[in-house]
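Q: Sharing a structure below in C-alpha coordinates format, with a few things to ask.
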Amino acid sequence: MSKEQSEQLVKRFFEDVFSKGDRAVANEILASDFAFYGPPDGIRGAEGFLGFSSEIRSALNVQFKIEVIIADDEKVAAYAIMSGVHQRDFHDIPASGVRFALPRIDNLVIYDGQIHEVRTTFDHRVLLAQLGSPEEDADDHLTHVAARSQRA
(Lines give C-alpha, C1' and ligand atoms only; values in the text may rest on other atoms or scores of the structure.)
Protein backbone atom coordinates (compact mmCIF):
# COMPACT_ATOMS: atom_id res chain seq x y z
CA MET A 1 0.00 0.00 0.00
CA SER A 2 1.12 3.53 -0.62
CA LYS A 3 1.77 5.94 2.22
CA GLU A 4 -1.37 7.88 1.23
CA GLN A 5 -3.53 4.73 1.28
CA SER A 6 -2.22 3.80 4.73
CA GLU A 7 -2.93 7.31 6.01
CA GLN A 8 -6.48 7.14 4.64
CA LEU A 9 -7.05 3.78 6.32
CA VAL A 10 -5.88 5.19 9.67
CA LYS A 11 -8.24 8.17 9.31
CA ARG A 12 -11.15 5.86 8.53
CA PHE A 13 -10.31 3.76 11.60
CA PHE A 14 -10.47 6.75 13.94
CA GLU A 15 -13.28 8.70 12.27
CA ASP A 16 -15.65 5.98 11.05
CA VAL A 17 -14.95 2.95 13.22
CA PHE A 18 -13.84 4.33 16.59
CA SER A 19 -15.74 7.65 16.66
CA LYS A 20 -18.92 6.54 14.82
CA GLY A 21 -19.04 2.77 15.27
CA ASP A 22 -19.63 2.16 11.57
CA ARG A 23 -19.94 -1.63 11.33
CA ALA A 24 -19.69 -1.73 7.52
CA VAL A 25 -16.42 0.20 7.53
CA ALA A 26 -15.09 -1.92 10.43
CA ASN A 27 -15.79 -5.12 8.49
CA GLU A 28 -14.13 -3.62 5.42
CA ILE A 29 -10.92 -2.27 6.96
CA LEU A 30 -10.30 -4.53 9.99
CA ALA A 31 -8.72 -7.88 9.14
CA SER A 32 -10.23 -11.15 10.36
CA ASP A 33 -7.26 -11.49 12.76
CA PHE A 34 -7.59 -7.88 14.01
CA ALA A 35 -6.28 -7.22 17.52
CA PHE A 36 -6.52 -3.99 19.53
CA TYR A 37 -4.17 -3.51 22.46
CA GLY A 38 -5.29 -0.71 24.75
CA PRO A 39 -6.57 -2.91 27.54
CA PRO A 40 -3.70 -5.09 28.75
CA ASP A 41 -4.98 -8.39 27.31
CA GLY A 42 -6.22 -6.89 24.07
CA ILE A 43 -9.46 -7.17 22.14
CA ARG A 44 -9.91 -9.49 19.19
CA GLY A 45 -11.94 -9.02 16.04
CA ALA A 46 -14.11 -6.26 14.62
CA GLU A 47 -17.10 -7.21 16.82
CA GLY A 48 -15.01 -7.15 20.00
CA PHE A 49 -13.61 -3.76 19.08
CA LEU A 50 -17.04 -2.35 18.16
CA GLY A 51 -18.37 -3.43 21.57
CA PHE A 52 -15.41 -1.86 23.36
CA SER A 53 -15.57 1.40 21.41
CA SER A 54 -19.38 1.62 21.75
CA GLU A 55 -19.07 1.73 25.52
CA ILE A 56 -16.44 4.46 25.31
CA ARG A 57 -18.46 6.49 22.79
CA SER A 58 -21.65 6.35 24.82
CA ALA A 59 -19.96 7.35 28.08
CA LEU A 60 -17.32 9.77 26.83
CA ASN A 61 -18.51 10.91 23.39
CA VAL A 62 -14.94 10.54 22.07
CA GLN A 63 -13.56 12.26 19.02
CA PHE A 64 -10.05 12.11 17.59
CA LYS A 65 -7.91 14.83 16.10
CA ILE A 66 -5.07 13.21 14.23
CA GLU A 67 -1.98 15.39 14.48
CA VAL A 68 0.63 13.24 12.70
CA ILE A 69 0.68 9.99 10.74
CA ILE A 70 3.98 8.33 9.89
CA ALA A 71 3.78 5.41 7.47
CA ASP A 72 6.59 3.04 6.53
CA ASP A 73 5.57 -0.05 4.60
CA GLU A 74 3.18 -1.99 6.82
CA LYS A 75 4.00 -0.09 10.01
CA VAL A 76 2.11 3.12 10.73
CA ALA A 77 2.21 5.41 13.76
CA ALA A 78 -0.42 8.02 14.55
CA TYR A 79 -0.26 10.76 17.15
CA ALA A 80 -3.76 11.92 18.02
CA ILE A 81 -5.67 13.83 20.66
CA MET A 82 -8.66 11.93 22.04
CA SER A 83 -11.20 14.32 23.49
CA GLY A 84 -14.78 14.23 24.62
CA VAL A 85 -17.31 14.90 27.33
CA HIS A 86 -17.94 12.60 30.28
CA GLN A 87 -21.69 12.34 29.68
CA ARG A 88 -22.54 8.93 31.24
CA ASP A 89 -21.14 6.79 34.02
CA PHE A 90 -17.87 5.23 32.94
CA HIS A 91 -16.68 2.18 34.89
CA ASP A 92 -18.06 3.32 38.23
CA ILE A 93 -17.07 6.95 37.71
CA PRO A 94 -20.28 9.01 37.79
CA ALA A 95 -20.96 11.24 34.78
CA SER A 96 -19.54 14.69 35.45
CA GLY A 97 -20.08 16.61 32.21
CA VAL A 98 -16.38 17.46 32.28
CA ARG A 99 -14.50 17.88 29.00
CA PHE A 100 -11.24 15.98 28.66
CA ALA A 101 -8.37 15.80 26.20
CA LEU A 102 -5.71 13.15 26.12
CA PRO A 103 -2.75 12.68 23.77
CA ARG A 104 -2.16 9.15 22.52
CA ILE A 105 0.09 7.27 20.15
CA ASP A 106 -1.25 4.38 18.12
CA ASN A 107 0.98 1.93 16.29
CA LEU A 108 -0.80 0.05 13.51
CA VAL A 109 0.14 -2.91 11.34
CA ILE A 110 -1.47 -2.62 7.90
CA TYR A 111 -1.11 -4.99 4.95
CA ASP A 112 -3.28 -6.35 2.18
CA GLY A 113 -5.44 -3.22 2.50
CA GLN A 114 -6.55 -3.95 6.07
CA ILE A 115 -5.59 -3.12 9.65
CA HIS A 116 -4.35 -6.21 11.46
CA GLU A 117 -3.21 -4.70 14.74
CA VAL A 118 -3.46 -1.47 16.75
CA ARG A 119 -1.41 -0.85 19.88
CA THR A 120 -2.36 2.32 21.69
CA THR A 121 -0.34 4.11 24.32
CA PHE A 122 -1.63 6.81 26.62
CA ASP A 123 -1.61 7.53 30.33
CA HIS A 124 -4.80 5.98 31.72
CA ARG A 125 -4.22 7.78 35.03
CA VAL A 126 -4.40 11.16 33.29
CA LEU A 127 -7.73 10.22 31.73
CA LEU A 128 -9.15 8.90 35.00
CA ALA A 129 -7.98 12.01 36.88
CA GLN A 130 -9.67 14.24 34.29
CA LEU A 131 -12.87 12.24 34.79
CA GLY A 132 -12.68 12.73 38.55
CA SER A 133 -11.46 9.33 39.73
CA PRO A 134 -9.40 9.47 42.93
CA GLU A 135 -5.82 8.45 42.17
CA GLU A 136 -5.93 5.60 44.66
CA ASP A 137 -8.80 4.06 42.67
CA ALA A 138 -7.04 4.29 39.30
CA ASP A 139 -5.64 0.75 39.38
CA ASP A 140 -9.06 -0.69 40.27
CA HIS A 141 -10.67 1.19 37.37
CA LEU A 142 -8.02 -0.05 34.93
CA THR A 143 -8.55 -3.64 36.06
CA HIS A 144 -12.31 -3.21 35.63
CA VAL A 145 -11.90 -1.72 32.13
CA ALA A 146 -9.69 -4.60 31.02
CA ALA A 147 -12.03 -7.25 32.44
CA ARG A 148 -15.13 -5.77 30.78
CA SER A 149 -13.32 -5.45 27.46
CA GLN A 150 -12.43 -9.14 27.48
CA ARG A 151 -16.09 -10.09 27.85
CA ALA A 152 -17.12 -7.95 24.85
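By convention here, the chains of the C-alpha coordinates are called A, B, ... in the order presented, each chain's residues are numbered starting at 1, and ligands are numbered starting at 1 in the order presented.
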So that each row is one residue of stretch 8-66 of chain A with an atom at most 12 Å from stretch 89-102 of chain A, can you give its shortest atom pair and the distance in Å to one decimal, using only C-alpha atoms, rows by chain and rising number, as JSON lines?

A:
```
{"residue": "A:Ser54", "atom": "CA", "partner": "A:Phe90", "partner_atom": "CA", "distance": 11.9}
{"residue": "A:Glu55", "atom": "CA", "partner": "A:Phe90", "partner_atom": "CA", "distance": 8.3}
{"residue": "A:Ile56", "atom": "CA", "partner": "A:Phe90", "partner_atom": "CA", "distance": 7.8}
{"residue": "A:Arg57", "atom": "CA", "partner": "A:Phe90", "partner_atom": "CA", "distance": 10.2}
{"residue": "A:Ser58", "atom": "CA", "partner": "A:Phe90", "partner_atom": "CA", "distance": 9.0}
{"residue": "A:Ala59", "atom": "CA", "partner": "A:Phe90", "partner_atom": "CA", "distance": 5.7}
{"residue": "A:Leu60", "atom": "CA", "partner": "A:Phe90", "partner_atom": "CA", "distance": 7.6}
{"residue": "A:Asn61", "atom": "CA", "partner": "A:Arg99", "partner_atom": "CA", "distance": 9.8}
{"residue": "A:Val62", "atom": "CA", "partner": "A:Phe100", "partner_atom": "CA", "distance": 9.3}
{"residue": "A:Gln63", "atom": "CA", "partner": "A:Ala101", "partner_atom": "CA", "distance": 9.5}
{"residue": "A:Phe64", "atom": "CA", "partner": "A:Ala101", "partner_atom": "CA", "distance": 9.5}
{"residue": "A:Lys65", "atom": "CA", "partner": "A:Ala101", "partner_atom": "CA", "distance": 10.2}
{"residue": "A:Ile66", "atom": "CA", "partner": "A:Leu102", "partner_atom": "CA", "distance": 11.9}
```

Q: Per residue of stretch 48-94 of chain A within 10 Å of stretch 118-125 of chain A, which atom pair is closest and at what distance in Å (one decimal), using only C-alpha atoms, listed by chain and increasing number, as a Markdown table?

A:
```
| residue | atom | partner | partner_atom | distance |
| --- | --- | --- | --- | --- |
| A:Val76 | CA | A:Val118 | CA | 9.4 |
| A:Ala77 | CA | A:Val118 | CA | 9.4 |
| A:Ala78 | CA | A:Thr120 | CA | 9.3 |
| A:Tyr79 | CA | A:Thr121 | CA | 9.8 |
| A:Met82 | CA | A:Phe122 | CA | 9.8 |
```

Q: Keeping N, CA, C and O atoms for every residue in the selection just given, could you write it to a file as a short mmCIF file (atom, residue, chain, number, x, y, z; two decimals), in the first residue's frame?

A:
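Final output, result34.cif:
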```
data_model
loop_
_atom_site.label_atom_id
_atom_site.label_comp_id
_atom_site.auth_asym_id
_atom_site.auth_seq_id
_atom_site.Cartn_x
_atom_site.Cartn_y
_atom_site.Cartn_z
N VAL A 76 2.62 1.76 10.74
CA VAL A 76 2.11 3.12 10.73
C VAL A 76 1.98 3.58 12.18
O VAL A 76 1.52 2.83 13.04
N ALA A 77 2.39 4.81 12.44
CA ALA A 77 2.21 5.41 13.76
C ALA A 77 1.35 6.66 13.61
O ALA A 77 1.50 7.41 12.65
N ALA A 78 0.45 6.84 14.56
CA ALA A 78 -0.42 8.02 14.55
C ALA A 78 -0.37 8.67 15.92
O ALA A 78 -0.51 7.99 16.94
N TYR A 79 -0.17 9.98 15.92
CA TYR A 79 -0.26 10.76 17.15
C TYR A 79 -1.58 11.52 17.07
O TYR A 79 -1.82 12.25 16.10
N MET A 82 -7.32 12.47 21.78
CA MET A 82 -8.66 11.93 22.04
C MET A 82 -9.33 12.90 23.01
O MET A 82 -8.78 13.21 24.06
#
```

Q: Within 12 Å of A:Val25, counting only C-alpha atoms, which residues qualify if same-chain residues fewer than 2 places away don't, as an MDAnalysis selection string?

A: chainID A and resid 9:23 27:31 46:47 50 114:115

Q: To test your reading of the structure, identify every residue in stretch 49-116 of chain A that backbone DSSP assigns to helix (DSSP H, G or I), and report it as a ChimeraX atom specification.

A: /A:49-60

Q: For the residues selected in the previous step, produce a file with all heavy atoms as a CSV table (one decimal), in the first residue's frame.

A:
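After the write, selection-v4.csv holds the following:
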```csv
chain,number,residue,atom,x,y,z
A,49,PHE,N,-14.0,-5.2,19.1
A,49,PHE,CA,-13.6,-3.8,19.1
A,49,PHE,C,-14.8,-2.8,19.0
A,49,PHE,O,-14.9,-1.8,19.7
A,49,PHE,CB,-12.7,-3.4,17.9
A,49,PHE,CG,-12.2,-2.0,18.0
A,49,PHE,CD1,-11.3,-1.6,18.9
A,49,PHE,CD2,-12.8,-1.0,17.2
A,49,PHE,CE1,-10.9,-0.3,19.0
A,49,PHE,CE2,-12.4,0.3,17.3
A,49,PHE,CZ,-11.5,0.7,18.2
A,50,LEU,N,-15.8,-3.2,18.2
A,50,LEU,CA,-17.0,-2.4,18.2
A,50,LEU,C,-17.8,-2.3,19.5
A,50,LEU,O,-18.3,-1.3,19.9
A,50,LEU,CB,-18.0,-2.8,17.1
A,50,LEU,CG,-17.5,-2.5,15.6
A,50,LEU,CD1,-18.3,-3.3,14.6
A,50,LEU,CD2,-17.5,-1.1,15.3
A,51,GLY,N,-17.8,-3.4,20.2
A,51,GLY,CA,-18.4,-3.4,21.6
A,51,GLY,C,-17.6,-2.6,22.5
A,51,GLY,O,-18.2,-1.8,23.3
A,52,PHE,N,-16.3,-2.7,22.5
A,52,PHE,CA,-15.4,-1.9,23.4
A,52,PHE,C,-15.6,-0.4,23.1
A,52,PHE,O,-15.8,0.4,23.9
A,52,PHE,CB,-14.0,-2.3,23.1
A,52,PHE,CG,-12.9,-1.4,23.7
A,52,PHE,CD1,-12.6,-1.4,25.1
A,52,PHE,CD2,-12.2,-0.5,22.9
A,52,PHE,CE1,-11.7,-0.6,25.6
A,52,PHE,CE2,-11.2,0.3,23.4
A,52,PHE,CZ,-10.9,0.3,24.8
A,53,SER,N,-15.5,0.0,21.8
A,53,SER,CA,-15.6,1.4,21.4
A,53,SER,C,-17.0,2.0,21.6
A,53,SER,O,-17.1,3.2,21.9
A,53,SER,CB,-15.1,1.6,20.0
A,53,SER,OG,-15.9,0.9,19.1
A,54,SER,N,-18.0,1.2,21.5
A,54,SER,CA,-19.4,1.6,21.7
A,54,SER,C,-19.5,2.1,23.2
A,54,SER,O,-20.2,3.1,23.4
A,54,SER,CB,-20.4,0.5,21.5
A,54,SER,OG,-21.7,0.9,21.8
A,55,GLU,N,-19.0,1.4,24.1
A,55,GLU,CA,-19.1,1.7,25.5
A,55,GLU,C,-18.3,3.0,25.8
A,55,GLU,O,-18.8,3.9,26.5
A,55,GLU,CB,-18.4,0.6,26.4
A,55,GLU,CG,-18.6,0.8,27.8
A,55,GLU,CD,-18.1,-0.4,28.7
A,55,GLU,OE1,-18.0,-1.5,28.1
A,55,GLU,OE2,-17.8,-0.1,29.8
A,56,ILE,N,-17.2,3.2,25.1
A,56,ILE,CA,-16.4,4.5,25.3
A,56,ILE,C,-17.2,5.6,24.7
A,56,ILE,O,-17.3,6.7,25.3
A,56,ILE,CB,-15.0,4.3,24.7
A,56,ILE,CG1,-14.2,3.3,25.6
A,56,ILE,CG2,-14.3,5.6,24.7
A,56,ILE,CD1,-12.9,2.9,25.0
A,57,ARG,N,-17.7,5.4,23.5
A,57,ARG,CA,-18.5,6.5,22.8
A,57,ARG,C,-19.7,6.9,23.6
A,57,ARG,O,-19.9,8.1,23.7
A,57,ARG,CB,-18.9,6.0,21.4
A,57,ARG,CG,-17.9,6.2,20.3
A,57,ARG,CD,-18.6,6.0,18.9
A,57,ARG,NE,-19.4,4.9,18.8
A,57,ARG,CZ,-19.0,3.6,18.7
A,57,ARG,NH1,-17.7,3.3,18.6
A,57,ARG,NH2,-19.9,2.6,18.6
A,58,SER,N,-20.4,6.0,24.1
A,58,SER,CA,-21.7,6.4,24.8
A,58,SER,C,-21.4,7.1,26.1
A,58,SER,O,-22.1,8.0,26.5
A,58,SER,CB,-22.5,5.1,25.1
A,58,SER,OG,-22.0,4.3,26.0
A,59,ALA,N,-20.3,6.7,26.8
A,59,ALA,CA,-20.0,7.4,28.1
A,59,ALA,C,-19.2,8.6,27.9
A,59,ALA,O,-19.4,9.6,28.7
A,59,ALA,CB,-19.2,6.4,29.0
A,60,LEU,N,-18.3,8.7,26.9
A,60,LEU,CA,-17.3,9.8,26.8
A,60,LEU,C,-17.4,10.6,25.6
A,60,LEU,O,-16.8,11.6,25.4
A,60,LEU,CB,-15.9,9.2,26.9
A,60,LEU,CG,-15.6,8.4,28.2
A,60,LEU,CD1,-14.2,7.9,28.1
A,60,LEU,CD2,-15.8,9.2,29.4
```

Q: As an exercise, work out the distance from atom CA of A:Ala80 to atom CA of A:Pro103 in Å and give it to one decimal place.

A: 5.9 Å

Q: For atom CA of A:Glu7 and atom CA of A:Phe36, quote the distance in Å rounded to one decimal.

A: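 Straight-line distance from atom CA of A:Glu7 to atom CA of A:Phe36 works out to 18.0 Å.
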
Q: Nearest residue to A:Val109 out of A:Glu74, A:Ser2, A:Ser32, A:Gly45, using only C-alpha atoms?

A: A:Glu74
